[in-house]
Amino acid sequence: MEKLKRTKVADLLKSTEYDKMVNVKGWARSHRGSGKISFIALNDGSIIHNIQIVVERENFDQDMLKGVTNGAGISVDGKLVKSMGKGQSVEIVATEIELYGTVDQETYPLQKKGHSMEFLRTIAHLRPRTNTFGAVLRIRHALAYAVHKYYNDRGFYYLHTPIVTGSDAEGAGEMFRVTTLDPKQPPLNQDGSVNYKEDFFGKATNLTVSGQLEGELGALALSQVYTFGPTFRAENSNTPRHLAEFWMIEPEMAFYDINDNMDLAEDFLKYLVQYALDNCMADLEFLNKMFDKQLIQRLQSIVKVKYKRLTYTEAIVILEKSGRKFEFPVSWGIDLQSEHERYLVEQHFKRPVILTDYPKNIKAFYMKQNDDGKTVRAMDVLFPNIGEIIGGSQREEILERLLTRIKEMEIPIETMWWYIDTRKFGTVPHSGFGLGFERMVLFITGMKNIRDVIPFPRTPNNAEF
Ligand code: 4AD
Ligand code: MG
């Protein structure tokens, strides 16, 4: 007989071609019943649901059947039939079962159900096989696709910005050094410092913290570009919202002012949420049921409301008048903490908030300076449960003002000549922002910790797998 072509579970569950012979491959989630008939719940990761395999046991090798336990990898030929049982549309009556790989139930870490998220992080090589991580990873994929679709449909070009760079885009100095020098015997300058001229790139280099500066170069030629790549920050913040390696989407638009920038940010966020509602409902329903009963409702409401826009200064007044005792006291000039951001969003306005015009001293050198001499045209989008999800700004396009700021902030100007050049040659107003991809996935999945929305999280003291 000719070998049957494999069909994925996602497609079989939609099929109405009853009595057709099909092949399905995957991992058994359970195998129960031992009399005449047993049932295998088979999952291949194409969809949250399993397909049920009906096994008339006398037709099969008994030792082989014993090997089909939770986690085993198998291939099944059989007849697709309408299911009599509740909860599934079709099932497969097996005619052939091939056992690819058995599982030692004594040592299989996923033998039991209901593991804690903390434990699952220690087995990141196996956790994609759980329902929860299957759902999260499928949603993550859908959102990555939606990002590209959104910008492609609007005439933005995807610009690949470098991962190894000689500059510090955010000027925060939280970078991972990239070097091929021997750590035991690096070449030294006269003054004892490391001589990076002898390093691979002939200079000191790091992993990028942001693709923005190169994104600006692209926007000042192609009008509208976006980057979507990994970024790295060596900040030692062990929080549920920080990763040392995370993905960022950074659109950059020539001829946009801060209001255009806010409009785009709000539209983009709503689009991603709507995309998940339209394309990931089975997974969202699972997460809603298991983790967060308000999830779907929250997503549906966030696409409808208008985000509240106000200045940092106005927000400080609200926080000061709130009567709340915050862990970090509030006064004009402070960098807002997650507790402040979440108070504004969750308690005060009860909707996403976009704060603008932050003090220049807590923001990066490239932001456009307001005429008050104190604030810059920054915009942060704050989300419920998350806090800051987007950071962006209109950019300082005036050469003299940019140079002043670079000097004030003591940024090594010799590493920035190419960026400064854009302000000399046909400078124009422009704006952009960065969306932390994992923070968006965190919001849309309703998970509680950012380590659970990226396949292999990188955090302080954790780079296994
Ligand atoms: O606010 P940030 O630092 O802005 C930038 O990097 C700008 N260059 C963006 C731009 O204007 N093109 O970071 C942007 C977003 C944050 O709002 C947050 O969502 C996310 O990136 N982010 C992190 N996500 C996970 N782990 C971290 N350590 C993050 N740091 C920032
Ligand atoms: Mg920020």
# chains A, B, ... in the order shown; residues from 1 in each chain; ligands from 1
>>> residues_around(residues="stretch 222-227 of chain A", least_positions_apart="4", cutoff="12 Å", atoms="only C-alpha atoms", output="number ranges by chain")
A: 144, 147-152, 154-163, 210-218, 231, 247-256, 261, 264, 428-437
>>> select_by_dssp(residues="stretch 348-434 of chain A", states="helix (DSSP H, G or I)", output="mmCIF file with C-alpha atoms, in the first residue's frame")
data_model
loop_
_atom_site.group_PDB
_atom_site.id
_atom_site.type_symbol
_atom_site.label_atom_id
_atom_site.label_comp_id
_atom_site.auth_asym_id
_atom_site.auth_seq_id
_atom_site.Cartn_x
_atom_site.Cartn_y
_atom_site.Cartn_z
ATOM 1 C CA HIS A 348 -7.044 56.547 37.591
ATOM 2 C CA PHE A 349 -7.864 56.454 33.880
ATOM 3 C CA LYS A 360 15.058 65.715 29.472
ATOM 4 C CA ASN A 361 17.360 64.432 32.199
ATOM 5 C CA ILE A 362 15.694 61.021 32.367
ATOM 6 C CA LEU A 399 22.152 69.869 14.407
ATOM 7 C CA GLU A 400 23.194 72.449 17.023
ATOM 8 C CA ARG A 401 20.685 71.278 19.594
ATOM 9 C CA LEU A 402 21.662 67.657 19.083
ATOM 10 C CA LEU A 403 25.363 68.451 19.480
ATOM 11 C CA THR A 404 24.707 70.414 22.671
ATOM 12 C CA ARG A 405 22.847 67.493 24.154
ATOM 13 C CA ILE A 406 25.524 64.970 23.142
ATOM 14 C CA LYS A 407 28.111 67.127 24.888
ATOM 15 C CA GLU A 408 25.981 67.674 27.993
ATOM 16 C CA ILE A 413 31.053 62.035 19.867
ATOM 17 C CA GLU A 414 33.607 60.203 17.711
ATOM 18 C CA THR A 415 31.380 57.096 17.725
ATOM 19 C CA TRP A 417 29.686 61.002 13.421
ATOM 20 C CA TRP A 418 27.490 59.056 11.026
ATOM 21 C CA TYR A 419 24.357 59.817 13.055
ATOM 22 C CA ILE A 420 25.272 63.499 13.264
ATOM 23 C CA ASP A 421 25.829 63.560 9.493
ATOM 24 C CA THR A 422 22.087 63.031 8.912
ATOM 25 C CA ARG A 423 21.449 66.383 10.644
ATOM 26 C CA LYS A 424 23.913 68.037 8.272
#
>>> residues_around(residues="A:Trp27", least_positions_apart="3", cutoff="6 Å", atoms="only C-alpha atoms", output="list in words")
Leu42, Asn43, Gly71, Ala72 and Gly73 of chain A
>>> residues_near_ligand(ligand="ligand 2", cutoff="9 Å", atoms="only C-alpha atoms and all ligand atoms", output="PyMOL selection string")
chain A and resi 363+379-380+388-392+434
>>> write_last_selection(atoms="C-alpha atoms", output="CSV table (one decimal), in the first residue's frame")
chain,number,residue,atom,x,y,z
A,363,LYS,CA,15.5,60.5,28.6
A,379,MET,CA,6.1,59.5,24.5
A,380,ASP,CA,5.6,56.3,26.5
A,388,GLU,CA,5.5,50.8,29.9
A,389,ILE,CA,5.0,48.8,26.7
A,390,ILE,CA,6.2,51.4,24.2
A,391,GLY,CA,8.9,54.1,24.4
A,392,GLY,CA,9.4,56.6,21.7
A,434,GLY,CA,10.0,50.9,20.2
>>> closest_residue(among="A:Ile450, A:Leu243, A:Ala315, A:Ala265", to="ligand 1", atoms="only C-alpha atoms and all ligand atoms")
A:Leu243
>>> atom_distance(atom1="atom CA of A:Ile334", atom2="atom 1 (O, counted along the ligand's line) of ligand 1")
15.4 Å
>>> select_by_dssp(residues="stretch 29-264 of chain A", states="strand (DSSP E or B)", output="ChimeraX atom specification")
/A:29-32,37-43,51-56,73-82,90-101,157-158,164-165,177-178,188,194,205-207,224-232,245-254
>>> atom_distance(atom1="atom CA of A:Ala142", atom2="atom CA of A:Asp278")
10.4 Å
>>> residues_around(residues="A:Met175", least_positions_apart="5", cutoff="10 Å", atoms="only C-alpha atoms", output="ChimeraX atom specification")
/A:167-168,170,205-209,231-235,244
>>> residues_around(residues="A:Val76", least_positions_apart="4", cutoff="10 Å", atoms="only C-alpha atoms", output="NGL selection string")
:A and (4 or 6 or 22-26 or 42 or 53 or 92-99)
>>> write_last_selection(atoms="N, CA and C atoms", output="short mmCIF file (atom, residue, chain, number, x, y, z; two decimals), in the first residue's frame")
data_model
loop_
_atom_site.label_atom_id
_atom_site.label_comp_id
_atom_site.auth_asym_id
_atom_site.auth_seq_id
_atom_site.Cartn_x
_atom_site.Cartn_y
_atom_site.Cartn_z
N LEU A 4 0.70 6.85 3.31
CA LEU A 4 -0.20 8.00 3.40
C LEU A 4 0.60 9.24 3.76
N ARG A 6 1.19 12.68 5.69
CA ARG A 6 0.78 13.16 7.00
C ARG A 6 -0.18 14.36 6.88
N VAL A 22 -6.27 8.34 6.73
CA VAL A 22 -5.34 9.45 6.96
C VAL A 22 -4.13 8.98 7.76
N ASN A 23 -3.09 9.77 7.73
CA ASN A 23 -1.95 9.55 8.62
C ASN A 23 -1.78 10.78 9.50
N VAL A 24 -1.49 10.55 10.78
CA VAL A 24 -1.24 11.66 11.70
C VAL A 24 -0.03 11.28 12.55
N LYS A 25 0.79 12.25 12.86
CA LYS A 25 1.98 12.01 13.67
C LYS A 25 2.01 13.02 14.82
N GLY A 26 2.55 12.59 15.95
CA GLY A 26 2.63 13.53 17.07
C GLY A 26 3.10 12.83 18.32
N LEU A 42 -3.74 12.51 21.00
CA LEU A 42 -2.52 12.82 20.25
C LEU A 42 -2.44 14.31 19.95
N ILE A 53 -7.36 9.00 19.13
CA ILE A 53 -7.11 7.81 18.33
C ILE A 53 -7.79 6.64 19.03
N ILE A 92 -9.92 9.16 15.03
CA ILE A 92 -9.30 8.27 14.05
C ILE A 92 -9.34 6.85 14.61
N VAL A 93 -9.86 5.94 13.81
CA VAL A 93 -9.81 4.52 14.19
C VAL A 93 -8.54 3.94 13.58
N ALA A 94 -7.60 3.57 14.44
CA ALA A 94 -6.26 3.21 13.97
C ALA A 94 -6.23 1.88 13.23
N THR A 95 -5.47 1.84 12.14
CA THR A 95 -5.20 0.57 11.47
C THR A 95 -3.71 0.20 11.60
N GLU A 96 -2.84 1.21 11.67
CA GLU A 96 -1.40 0.98 11.85
C GLU A 96 -0.90 1.99 12.88
N ILE A 97 -0.03 1.52 13.78
CA ILE A 97 0.63 2.47 14.69
C ILE A 97 2.13 2.19 14.65
N GLU A 98 2.89 3.21 14.38
CA GLU A 98 4.34 3.06 14.45
C GLU A 98 4.83 3.84 15.67
N LEU A 99 5.58 3.17 16.52
CA LEU A 99 6.11 3.82 17.72
C LEU A 99 7.52 4.33 17.41
#
>>> atom_distance(atom1="atom CA of A:Arg439", atom2="atom CA of A:Leu382")
10.9 Å
>>> closest_residue(among="A:Phe425, A:Phe119, A:Tyr275, A:Phe365", to="ligand 1", atoms="only C-alpha atoms and all ligand atoms")
A:Phe365
>>> residues_around(residues="A:Tyr271", least_positions_apart="3", cutoff="9 Å", atoms="only C-alpha atoms", output="MDAnalysis selection string")
chainID A and resid 146:147 150 266:268 274:276 303
>>> write_last_selection(atoms="N, CA, C and O atoms", output="compact mmCIF listing (two decimals), in the first residue's frame")
# COMPACT_ATOMS: atom_id res chain seq x y z
N ALA A 146 1.96 39.20 12.34
CA ALA A 146 1.09 40.38 12.26
C ALA A 146 1.91 41.68 12.22
O ALA A 146 1.53 42.65 11.57
N VAL A 147 3.03 41.70 12.92
CA VAL A 147 3.90 42.88 12.90
C VAL A 147 4.35 43.16 11.47
O VAL A 147 4.23 44.28 10.96
N TYR A 150 1.39 44.23 9.28
CA TYR A 150 0.95 45.61 9.56
C TYR A 150 1.81 46.62 8.80
O TYR A 150 1.30 47.49 8.09
N GLU A 266 -0.81 53.84 18.75
CA GLU A 266 -2.12 53.36 19.24
C GLU A 266 -2.77 52.43 18.22
O GLU A 266 -3.29 51.36 18.58
N ASP A 267 -2.71 52.81 16.97
CA ASP A 267 -3.30 51.98 15.91
C ASP A 267 -2.60 50.61 15.82
O ASP A 267 -3.26 49.57 15.69
N PHE A 268 -1.29 50.64 15.92
CA PHE A 268 -0.49 49.41 15.83
C PHE A 268 -0.82 48.45 16.99
O PHE A 268 -1.05 47.25 16.78
N GLN A 274 -6.24 42.95 18.01
CA GLN A 274 -7.34 42.47 17.17
C GLN A 274 -6.90 41.25 16.35
O GLN A 274 -7.67 40.30 16.16
N TYR A 275 -5.66 41.27 15.91
CA TYR A 275 -5.14 40.14 15.12
C TYR A 275 -5.17 38.86 15.96
O TYR A 275 -5.57 37.79 15.49
N ALA A 276 -4.77 38.98 17.20
CA ALA A 276 -4.79 37.81 18.09
C ALA A 276 -6.23 37.33 18.32
O ALA A 276 -6.52 36.14 18.29
N VAL A 303 -9.15 47.25 22.42
CA VAL A 303 -9.19 47.67 21.01
C VAL A 303 -10.27 48.73 20.77
O VAL A 303 -10.30 49.38 19.74
>>> closest_residue(among="A:Ser331, A:Ile40, A:Phe228, A:Leu299", to="A:Tyr145", atoms="only C-alpha atoms")
A:Phe228
>>> residues_around(residues="A:Tyr108", least_positions_apart="4", cutoff="10 Å", atoms="only C-alpha atoms", output="PDB file with C-alpha atoms, in the first residue's frame")
ATOM      1  CA  ASN A  70       2.369  10.046  27.798  1.00  0.00           C
ATOM      2  CA  GLY A  71       5.036  11.770  25.709  1.00  0.00           C
ATOM      3  CA  VAL A 103       9.336   7.762  27.200  1.00  0.00           C
ATOM      4  CA  ASP A 104      10.678   6.587  30.514  1.00  0.00           C
ATOM      5  CA  LYS A 112       2.627  14.809  35.987  1.00  0.00           C
ATOM      6  CA  LEU A 126      10.536  20.376  27.123  1.00  0.00           C
TER       7      LEU A 126
END
